[in-house]
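Input: a single structure, listed below in structure tokens.
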Amino acid sequence: MAMKRSLSLLALVALLTAMLAACGGAPAAQPTTAPAEPATSAPAPTEAAAATEVPTEAAAATEAVVATEAPTEAAAATDAQTIEAYLTEMAGQLEGVDLGTIKVASQSPLSGPQSVLGVSIGNSSALAVKQYGELLAATGATFEAAPFDDQAQPEVGSANAKAIVSDPDILCVVGHLNSGVALAALPDYQNASLPMVSPANTSPKITESGFPNAFRVVGRDDLQGPLGARFAVEELGAKNIYIIHDKTEYGQGVAEFFKQEAEKLGATTALEGVADTETQFDSIITPILAANPDLIYFGGIYSQAGLFFRQAREKGIEAKFLGPDGLDSSELAKLAGEALEGSYYTTVSGPVTIFPSAAQFATDYKAEYGEAVQPFGAQSYDSAGLCFSAIVKAAVDAKAKPTREQVLAAMQDLPALTGITGASYKFTDKGDPTEAAYYFLVPNSDPALWNDNKLAAVIKSAPPEN
């Protein structure tokens, strides 16, 4: 789909740079209020993330990178050692150590309407287990992937978590796709001192709720939402914005952050929620037609957004569409088709083609599974690689098969390691990456061309200081 004008985001980047100079650094973003101790009960699927305050400076990104074409390395690596090199080096210190069977679990929706991304997460994690297991074959250990289908439902994720922690060979978890599901499973993981590395969870609550075993390799919605709002108002010229969310932890959370920033920038907004199971949108399209917005922000997942976009266009809505990384799937193009004309999305992952270091992974994935990898696949591969790194480090330190407590301690103490996304992963004390990238893309209406979506810009930022 041809762009109507250049989307270099130069003005946005210049503004962020000016704000940094004026403010002397990134202000503290205020995430959703979290309990002092994690709740032991699973949150309801429709639990909302009630955002309290977002920074007016769109969280003043600490580094902005303009990209009119795909960068040579979207998240430029530092001098950090690669995960592969680190594992090779550490494996040399495990001669004679009996590691037995070691499993890395994954949780994601392997069935249901969100399975396009969920299967890619599970497959990418399994491929990492296979390939890194081969790399570590000399240790004599047996490495196995243990995929679980959470169906994008918190109660299923919680039940799976109980099964996961009951298997003593599982020493790390890659997951989840949905933040609400992760928050339902994390109490069980925490009670078992089992580290979870998420390739996709963006709710601030993941790392702000006191879970010492929660880690993620992607950014947060209290930055993604405000950056999206600045793009909408300052780049797309939106003044009258209608915001829809799916009432989930993720969807409502990012929509609230977007709304607050958009209003601070002078835009008029309306906010309305729909159940995440809704497939017919006449009841919400009618008031949207009356409001005649110039932009609609959809906080939710592609499986619902694609249906809404198509129905909205059929009813005569001409507004631009914008949404967060929940829209980042080729299934969106399949569902929405030409209705995607005039749409944009922000994401913490992006198509695999923007990561030159992931080219071999993309080839291997297609050879293994017979289809192209989806967004969050490269991040899932890296998440599993970090699990392996912590397990091997803990084994070297213990000179034995490590306990979960030892793997958790090792994860918190890993050096900076570069993955196939080109990012150098190092975790803060809370489990956030010390720097994360936020991508602005224009989607293709052809599902087969999703990995060719045009990259308009990349903004990199440290997490908020709370």
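By order in the structure tokens, chains are A, B, ...; within a chain, residues start at 1; ligands start at 1, following the order shown.
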Those of range 155-383 of chain A in DSSP helix (DSSP H, G or I), formatted as a ChimeraX atom specification: /A:155-165,179-191,205-208,221-235,249-264,282-291,302-314,325-327,330-340,352-354,356-369,377-383
Could you take the residues named above and write them with C-alpha atoms, as a compact mmCIF listing (two decimals), in the first residue's frame?
```txt
# COMPACT_ATOMS: atom_id res chain seq x y z
CA GLU A 155 -7.84 -18.78 33.97
CA VAL A 156 -6.27 -21.21 31.47
CA GLY A 157 -2.87 -19.62 31.88
CA SER A 158 -3.16 -19.95 35.65
CA ALA A 159 -4.13 -23.63 35.41
CA ASN A 160 -1.24 -24.27 33.02
CA ALA A 161 1.14 -22.50 35.39
CA LYS A 162 0.25 -24.97 38.12
CA ALA A 163 1.06 -27.84 35.76
CA ILE A 164 4.30 -26.18 34.72
CA VAL A 165 5.62 -25.66 38.22
CA SER A 179 -0.42 -9.39 29.73
CA GLY A 180 -3.60 -10.38 31.58
CA VAL A 181 -2.72 -14.04 31.16
CA ALA A 182 0.83 -13.49 32.35
CA LEU A 183 -0.41 -11.67 35.45
CA ALA A 184 -2.68 -14.62 36.23
CA ALA A 185 0.19 -17.11 35.92
CA LEU A 186 2.95 -15.11 37.61
CA PRO A 187 1.90 -15.82 41.23
CA ASP A 188 2.37 -19.55 40.62
CA TYR A 189 5.68 -18.96 38.88
CA GLN A 190 6.78 -16.73 41.75
CA ASN A 191 5.85 -19.26 44.41
CA LYS A 205 2.08 -4.27 35.82
CA ILE A 206 4.31 -7.11 34.61
CA THR A 207 7.36 -5.50 36.19
CA GLU A 208 5.67 -3.08 38.60
CA ASP A 221 2.55 0.53 27.20
CA ASP A 222 3.18 3.59 29.35
CA LEU A 223 5.64 4.56 26.60
CA GLN A 224 3.99 2.95 23.58
CA GLY A 225 0.64 4.65 24.23
CA PRO A 226 2.00 8.20 24.62
CA LEU A 227 4.36 7.84 21.67
CA GLY A 228 1.41 6.69 19.59
CA ALA A 229 -0.57 9.73 20.71
CA ARG A 230 2.21 12.09 19.65
CA PHE A 231 2.38 10.38 16.28
CA ALA A 232 -1.41 10.75 15.90
CA VAL A 233 -1.57 14.42 16.84
CA GLU A 234 1.72 15.79 15.56
CA GLU A 235 2.38 13.65 12.50
CA GLU A 249 -5.49 -5.59 30.83
CA TYR A 250 -3.53 -4.85 27.69
CA GLY A 251 -6.10 -3.15 25.46
CA GLN A 252 -7.59 -0.76 27.98
CA GLY A 253 -4.21 -0.03 29.52
CA VAL A 254 -2.55 1.15 26.33
CA ALA A 255 -5.73 3.02 25.29
CA GLU A 256 -5.79 4.94 28.58
CA PHE A 257 -2.14 5.95 28.19
CA PHE A 258 -2.83 7.03 24.61
CA LYS A 259 -5.91 9.04 25.62
CA GLN A 260 -4.23 10.98 28.39
CA GLU A 261 -1.32 12.02 26.20
CA ALA A 262 -3.56 12.93 23.26
CA GLU A 263 -5.65 15.21 25.48
CA LYS A 264 -2.54 16.88 26.87
CA ASP A 282 -22.94 -1.67 14.69
CA SER A 283 -23.64 -0.35 18.19
CA ILE A 284 -20.31 1.44 18.36
CA ILE A 285 -20.03 2.42 14.67
CA THR A 286 -23.23 4.48 14.92
CA PRO A 287 -21.88 6.93 17.55
CA ILE A 288 -18.54 7.04 15.72
CA LEU A 289 -20.32 8.16 12.54
CA ALA A 290 -22.04 10.89 14.55
CA ALA A 291 -18.75 12.02 16.11
CA TYR A 302 -5.76 -7.95 15.46
CA SER A 303 -8.42 -10.68 15.52
CA GLN A 304 -11.01 -8.12 16.62
CA ALA A 305 -9.50 -4.99 15.09
CA GLY A 306 -9.54 -6.46 11.58
CA LEU A 307 -13.27 -7.15 11.79
CA PHE A 308 -13.94 -3.68 13.18
CA PHE A 309 -11.88 -1.92 10.50
CA ARG A 310 -13.71 -3.73 7.71
CA GLN A 311 -17.18 -3.05 9.17
CA ALA A 312 -16.32 0.60 9.85
CA ARG A 313 -15.23 1.18 6.24
CA GLU A 314 -18.35 -0.59 4.95
CA ASP A 325 1.32 -3.90 18.75
CA GLY A 326 -1.75 -6.05 19.31
CA LEU A 327 -2.48 -5.28 15.65
CA SER A 330 -0.60 -10.77 9.06
CA GLU A 331 -4.05 -11.92 10.17
CA LEU A 332 -5.02 -8.24 10.47
CA ALA A 333 -4.51 -7.85 6.73
CA LYS A 334 -6.42 -11.06 6.07
CA LEU A 335 -9.40 -9.82 8.09
CA ALA A 336 -9.37 -6.15 7.12
CA GLY A 337 -8.09 -6.27 3.54
CA GLU A 338 -8.34 -2.94 1.72
CA ALA A 339 -9.91 -1.41 4.84
CA LEU A 340 -6.33 -1.01 6.07
CA VAL A 352 11.36 -10.08 11.29
CA THR A 353 12.72 -8.44 8.13
CA ILE A 354 13.78 -5.31 10.03
CA PRO A 356 19.22 -8.34 9.75
CA SER A 357 20.65 -10.68 12.40
CA ALA A 358 17.41 -12.68 12.35
CA ALA A 359 17.61 -13.62 8.66
CA GLN A 360 18.90 -17.15 9.34
CA PHE A 361 16.27 -17.61 12.03
CA ALA A 362 13.53 -16.63 9.58
CA THR A 363 14.87 -19.14 7.05
CA ASP A 364 15.14 -21.89 9.65
CA TYR A 365 11.65 -21.17 10.96
CA LYS A 366 10.06 -21.50 7.54
CA ALA A 367 11.99 -24.71 6.87
CA GLU A 368 10.90 -26.15 10.22
CA TYR A 369 7.25 -25.11 10.22
CA GLY A 377 8.86 -14.73 16.92
CA ALA A 378 12.36 -13.25 17.01
CA GLN A 379 11.72 -11.94 20.52
CA SER A 380 10.54 -15.40 21.57
CA TYR A 381 13.71 -16.97 20.20
CA ASP A 382 15.76 -14.45 22.17
CA SER A 383 13.67 -15.01 25.31
```
Distance of CA of Ala394 in chain A from CA of Gly96 in chain A, expressed in Å to one decimal place: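 If I compute the distance from CA of Gly96 in chain A to CA of Ala394 in chain A, I get 15.3 Å.
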Exercise: range 390-393 of chain A partners within 8 Å, only C-alpha atoms, chain neighbours under 3 positions left out, as a PDB file with N, CA and C atoms, in the first residue's frame:
```pdb
ATOM      1  N   LEU A  87      26.812 -18.881  25.381  1.00  0.00           N
ATOM      2  CA  LEU A  87      26.496 -20.275  25.692  1.00  0.00           C
ATOM      3  C   LEU A  87      27.658 -21.192  25.340  1.00  0.00           C
ATOM      4  N   MET A  90      30.305 -20.741  28.083  1.00  0.00           N
ATOM      5  CA  MET A  90      29.921 -21.316  29.376  1.00  0.00           C
ATOM      6  C   MET A  90      29.849 -22.843  29.307  1.00  0.00           C
ATOM      7  N   ALA A  91      29.421 -23.371  28.159  1.00  0.00           N
ATOM      8  CA  ALA A  91      29.306 -24.826  28.026  1.00  0.00           C
ATOM      9  C   ALA A  91      30.655 -25.500  28.204  1.00  0.00           C
ATOM     10  N   LEU A 171      12.777 -25.284  34.043  1.00  0.00           N
ATOM     11  CA  LEU A 171      13.580 -24.308  34.785  1.00  0.00           C
ATOM     12  C   LEU A 171      13.372 -22.870  34.322  1.00  0.00           C
ATOM     13  N   LEU A 386      17.809 -16.377  26.398  1.00  0.00           N
ATOM     14  CA  LEU A 386      18.143 -15.838  27.717  1.00  0.00           C
ATOM     15  C   LEU A 386      17.850 -16.872  28.802  1.00  0.00           C
ATOM     16  N   CYS A 387      16.773 -17.650  28.622  1.00  0.00           N
ATOM     17  CA  CYS A 387      16.522 -18.760  29.553  1.00  0.00           C
ATOM     18  C   CYS A 387      17.703 -19.719  29.557  1.00  0.00           C
ATOM     19  N   VAL A 396      26.975 -23.730  35.734  1.00  0.00           N
ATOM     20  CA  VAL A 396      28.412 -23.523  35.904  1.00  0.00           C
ATOM     21  C   VAL A 396      28.726 -23.117  37.335  1.00  0.00           C
ATOM     22  N   ASP A 397      27.932 -22.211  37.878  1.00  0.00           N
ATOM     23  CA  ASP A 397      28.168 -21.748  39.250  1.00  0.00           C
ATOM     24  C   ASP A 397      27.971 -22.876  40.267  1.00  0.00           C
ATOM     25  N   PRO A 402      21.044 -27.013  37.998  1.00  0.00           N
ATOM     26  CA  PRO A 402      20.662 -25.944  38.927  1.00  0.00           C
ATOM     27  C   PRO A 402      19.220 -26.057  39.400  1.00  0.00           C
ATOM     28  N   VAL A 407      18.648 -20.549  38.942  1.00  0.00           N
ATOM     29  CA  VAL A 407      18.430 -20.004  37.596  1.00  0.00           C
ATOM     30  C   VAL A 407      17.904 -18.573  37.688  1.00  0.00           C
ATOM     31  N   LEU A 408      16.997 -18.321  38.630  1.00  0.00           N
ATOM     32  CA  LEU A 408      16.464 -16.974  38.811  1.00  0.00           C
ATOM     33  C   LEU A 408      17.573 -16.000  39.197  1.00  0.00           C
ATOM     34  N   ALA A 410      20.702 -16.317  38.523  1.00  0.00           N
ATOM     35  CA  ALA A 410      21.567 -16.150  37.354  1.00  0.00           C
ATOM     36  C   ALA A 410      20.944 -15.204  36.336  1.00  0.00           C
ATOM     37  N   MET A 411      19.627 -15.306  36.143  1.00  0.00           N
ATOM     38  CA  MET A 411      18.943 -14.416  35.204  1.00  0.00           C
ATOM     39  C   MET A 411      19.122 -12.964  35.623  1.00  0.00           C
ATOM     40  N   LEU A 414      22.821 -11.847  34.690  1.00  0.00           N
ATOM     41  CA  LEU A 414      23.410 -12.064  33.368  1.00  0.00           C
ATOM     42  C   LEU A 414      24.098 -10.805  32.862  1.00  0.00           C
TER      43      LEU A 414
END
```
As a PyMOL selection string, please: the residues near Asp149 in chain A (cut-off 12 Å, only C-alpha atoms, same-chain neighbours under 2 positions excluded). chain A and resi 105-112+114-115+118-119+121-123+146-147+151-161+163-164+175-177+181
Could you write out that same residue set with N, CA and C atoms as a JSON list (two decimals), in the first residue's frame?
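Here's the written file selection32.json:
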```json
[["chain", "number", "residue", "atom", "x", "y", "z"],
["A", 105, "ALA", "N", 9.70, -24.20, 29.18],
["A", 105, "ALA", "CA", 8.28, -24.17, 28.82],
["A", 105, "ALA", "C", 7.96, -22.88, 28.06],
["A", 106, "SER", "N", 6.84, -22.91, 27.37],
["A", 106, "SER", "CA", 6.29, -21.68, 26.77],
["A", 106, "SER", "C", 4.80, -21.69, 26.99],
["A", 107, "GLN", "N", 4.23, -20.50, 27.14],
["A", 107, "GLN", "CA", 2.78, -20.34, 27.23],
["A", 107, "GLN", "C", 2.35, -19.24, 26.26],
["A", 108, "SER", "N", 1.40, -19.59, 25.41],
["A", 108, "SER", "CA", 0.84, -18.65, 24.44],
["A", 108, "SER", "C", -0.43, -19.27, 23.88],
["A", 109, "PRO", "N", -1.28, -18.49, 23.22],
["A", 109, "PRO", "CA", -2.50, -19.07, 22.64],
["A", 109, "PRO", "C", -2.17, -19.90, 21.39],
["A", 110, "LEU", "N", -2.22, -21.20, 21.53],
["A", 110, "LEU", "CA", -1.96, -22.10, 20.40],
["A", 110, "LEU", "C", -3.24, -22.47, 19.67],
["A", 111, "SER", "N", -4.36, -22.04, 20.22],
["A", 111, "SER", "CA", -5.66, -22.24, 19.58],
["A", 111, "SER", "C", -6.48, -20.97, 19.78],
["A", 112, "GLY", "N", -7.56, -20.84, 19.01],
["A", 112, "GLY", "CA", -8.41, -19.67, 19.14],
["A", 112, "GLY", "C", -8.00, -18.54, 18.22],
["A", 114, "GLN", "N", -6.43, -15.78, 18.52],
["A", 114, "GLN", "CA", -5.13, -15.13, 18.65],
["A", 114, "GLN", "C", -3.97, -16.10, 18.41],
["A", 115, "SER", "N", -4.28, -17.27, 17.87],
["A", 115, "SER", "CA", -3.27, -18.31, 17.72],
["A", 115, "SER", "C", -2.22, -18.01, 16.65],
["A", 118, "GLY", "N", 0.31, -16.58, 18.73],
["A", 118, "GLY", "CA", 0.64, -17.52, 19.80],
["A", 118, "GLY", "C", 1.42, -18.73, 19.31],
["A", 119, "VAL", "N", 1.03, -19.27, 18.16],
["A", 119, "VAL", "CA", 1.76, -20.41, 17.58],
["A", 119, "VAL", "C", 3.18, -20.00, 17.22],
["A", 121, "ILE", "N", 4.96, -17.74, 18.67],
["A", 121, "ILE", "CA", 5.72, -17.64, 19.92],
["A", 121, "ILE", "C", 6.16, -19.03, 20.38],
["A", 122, "GLY", "N", 5.21, -19.97, 20.40],
["A", 122, "GLY", "CA", 5.54, -21.32, 20.84],
["A", 122, "GLY", "C", 6.55, -22.00, 19.93],
["A", 123, "ASN", "N", 6.36, -21.85, 18.62],
["A", 123, "ASN", "CA", 7.30, -22.47, 17.67],
["A", 123, "ASN", "C", 8.69, -21.85, 17.75],
["A", 146, "ALA", "N", 8.62, -27.40, 26.18],
["A", 146, "ALA", "CA", 7.34, -27.80, 26.78],
["A", 146, "ALA", "C", 6.31, -26.72, 26.49],
["A", 147, "PRO", "N", 5.65, -26.80, 25.34],
["A", 147, "PRO", "CA", 4.67, -25.76, 24.97],
["A", 147, "PRO", "C", 3.32, -25.98, 25.65],
["A", 151, "GLN", "N", -4.64, -20.25, 25.49],
["A", 151, "GLN", "CA", -5.89, -19.83, 24.83],
["A", 151, "GLN", "C", -6.20, -18.35, 25.00],
["A", 152, "ALA", "N", -5.21, -17.56, 25.39],
["A", 152, "ALA", "CA", -5.39, -16.12, 25.64],
["A", 152, "ALA", "C", -6.37, -15.86, 26.77],
["A", 153, "GLN", "N", -6.53, -16.83, 27.69],
["A", 153, "GLN", "CA", -7.46, -16.72, 28.80],
["A", 153, "GLN", "C", -6.71, -16.80, 30.13],
["A", 154, "PRO", "N", -6.86, -15.82, 31.02],
["A", 154, "PRO", "CA", -6.15, -15.83, 32.29],
["A", 154, "PRO", "C", -6.36, -17.10, 33.10],
["A", 155, "GLU", "N", -7.59, -17.60, 33.15],
["A", 155, "GLU", "CA", -7.84, -18.78, 33.97],
["A", 155, "GLU", "C", -7.13, -20.02, 33.40],
["A", 156, "VAL", "N", -7.00, -20.09, 32.08],
["A", 156, "VAL", "CA", -6.27, -21.21, 31.47],
["A", 156, "VAL", "C", -4.78, -21.06, 31.73],
["A", 157, "GLY", "N", -4.27, -19.86, 31.59],
["A", 157, "GLY", "CA", -2.87, -19.62, 31.88],
["A", 157, "GLY", "C", -2.51, -19.96, 33.31],
["A", 158, "SER", "N", -3.40, -19.63, 34.25],
["A", 158, "SER", "CA", -3.16, -19.95, 35.65],
["A", 158, "SER", "C", -3.14, -21.46, 35.88],
["A", 159, "ALA", "N", -4.10, -22.16, 35.27],
["A", 159, "ALA", "CA", -4.13, -23.63, 35.41],
["A", 159, "ALA", "C", -2.88, -24.26, 34.80],
["A", 160, "ASN", "N", -2.46, -23.76, 33.64],
["A", 160, "ASN", "CA", -1.24, -24.27, 33.02],
["A", 160, "ASN", "C", -0.02, -24.01, 33.90],
["A", 161, "ALA", "N", 0.00, -22.84, 34.53],
["A", 161, "ALA", "CA", 1.14, -22.50, 35.39],
["A", 161, "ALA", "C", 1.30, -23.51, 36.51],
["A", 163, "ALA", "N", 0.49, -26.64, 36.36],
["A", 163, "ALA", "CA", 1.06, -27.84, 35.76],
["A", 163, "ALA", "C", 2.54, -27.65, 35.47],
["A", 164, "ILE", "N", 2.91, -26.46, 35.03],
["A", 164, "ILE", "CA", 4.30, -26.18, 34.72],
["A", 164, "ILE", "C", 5.19, -26.29, 35.95],
["A", 175, "GLY", "N", 6.96, -16.60, 27.79],
["A", 175, "GLY", "CA", 5.54, -16.26, 27.64],
["A", 175, "GLY", "C", 5.23, -15.01, 28.44],
["A", 176, "HIS", "N", 4.11, -14.46, 28.21],
["A", 176, "HIS", "CA", 2.98, -14.88, 27.40],
["A", 176, "HIS", "C", 2.79, -13.89, 26.27],
["A", 177, "LEU", "N", 1.75, -14.09, 25.46],
["A", 177, "LEU", "CA", 1.36, -13.06, 24.50],
["A", 177, "LEU", "C", 0.55, -11.97, 25.18],
["A", 181, "VAL", "N", -2.99, -12.62, 30.92],
["A", 181, "VAL", "CA", -2.72, -14.04, 31.16],
["A", 181, "VAL", "C", -1.43, -14.20, 31.96]]
```
Go through A:Thr347, A:Thr202, A:Thr268, A:Gln374 one by one, measure the shortest atom-to-atom distance of each to Ser120 in chain A using only C-alpha atoms, and give the residue with the smallest value. A:Gln374
At what distance in Å, to one decimal, does CA of Thr428 in chain A lie from CA of Glu144 in chain A?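 Going from CA of Glu144 in chain A over to CA of Thr428 in chain A, I get 28.5 Å.
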Which residue gives the smallest distance to Val348 in chain A among A:Ser203, A:Gln93, A:Thr269, A:Thr403, with only C-alpha atoms counted? A:Ser203
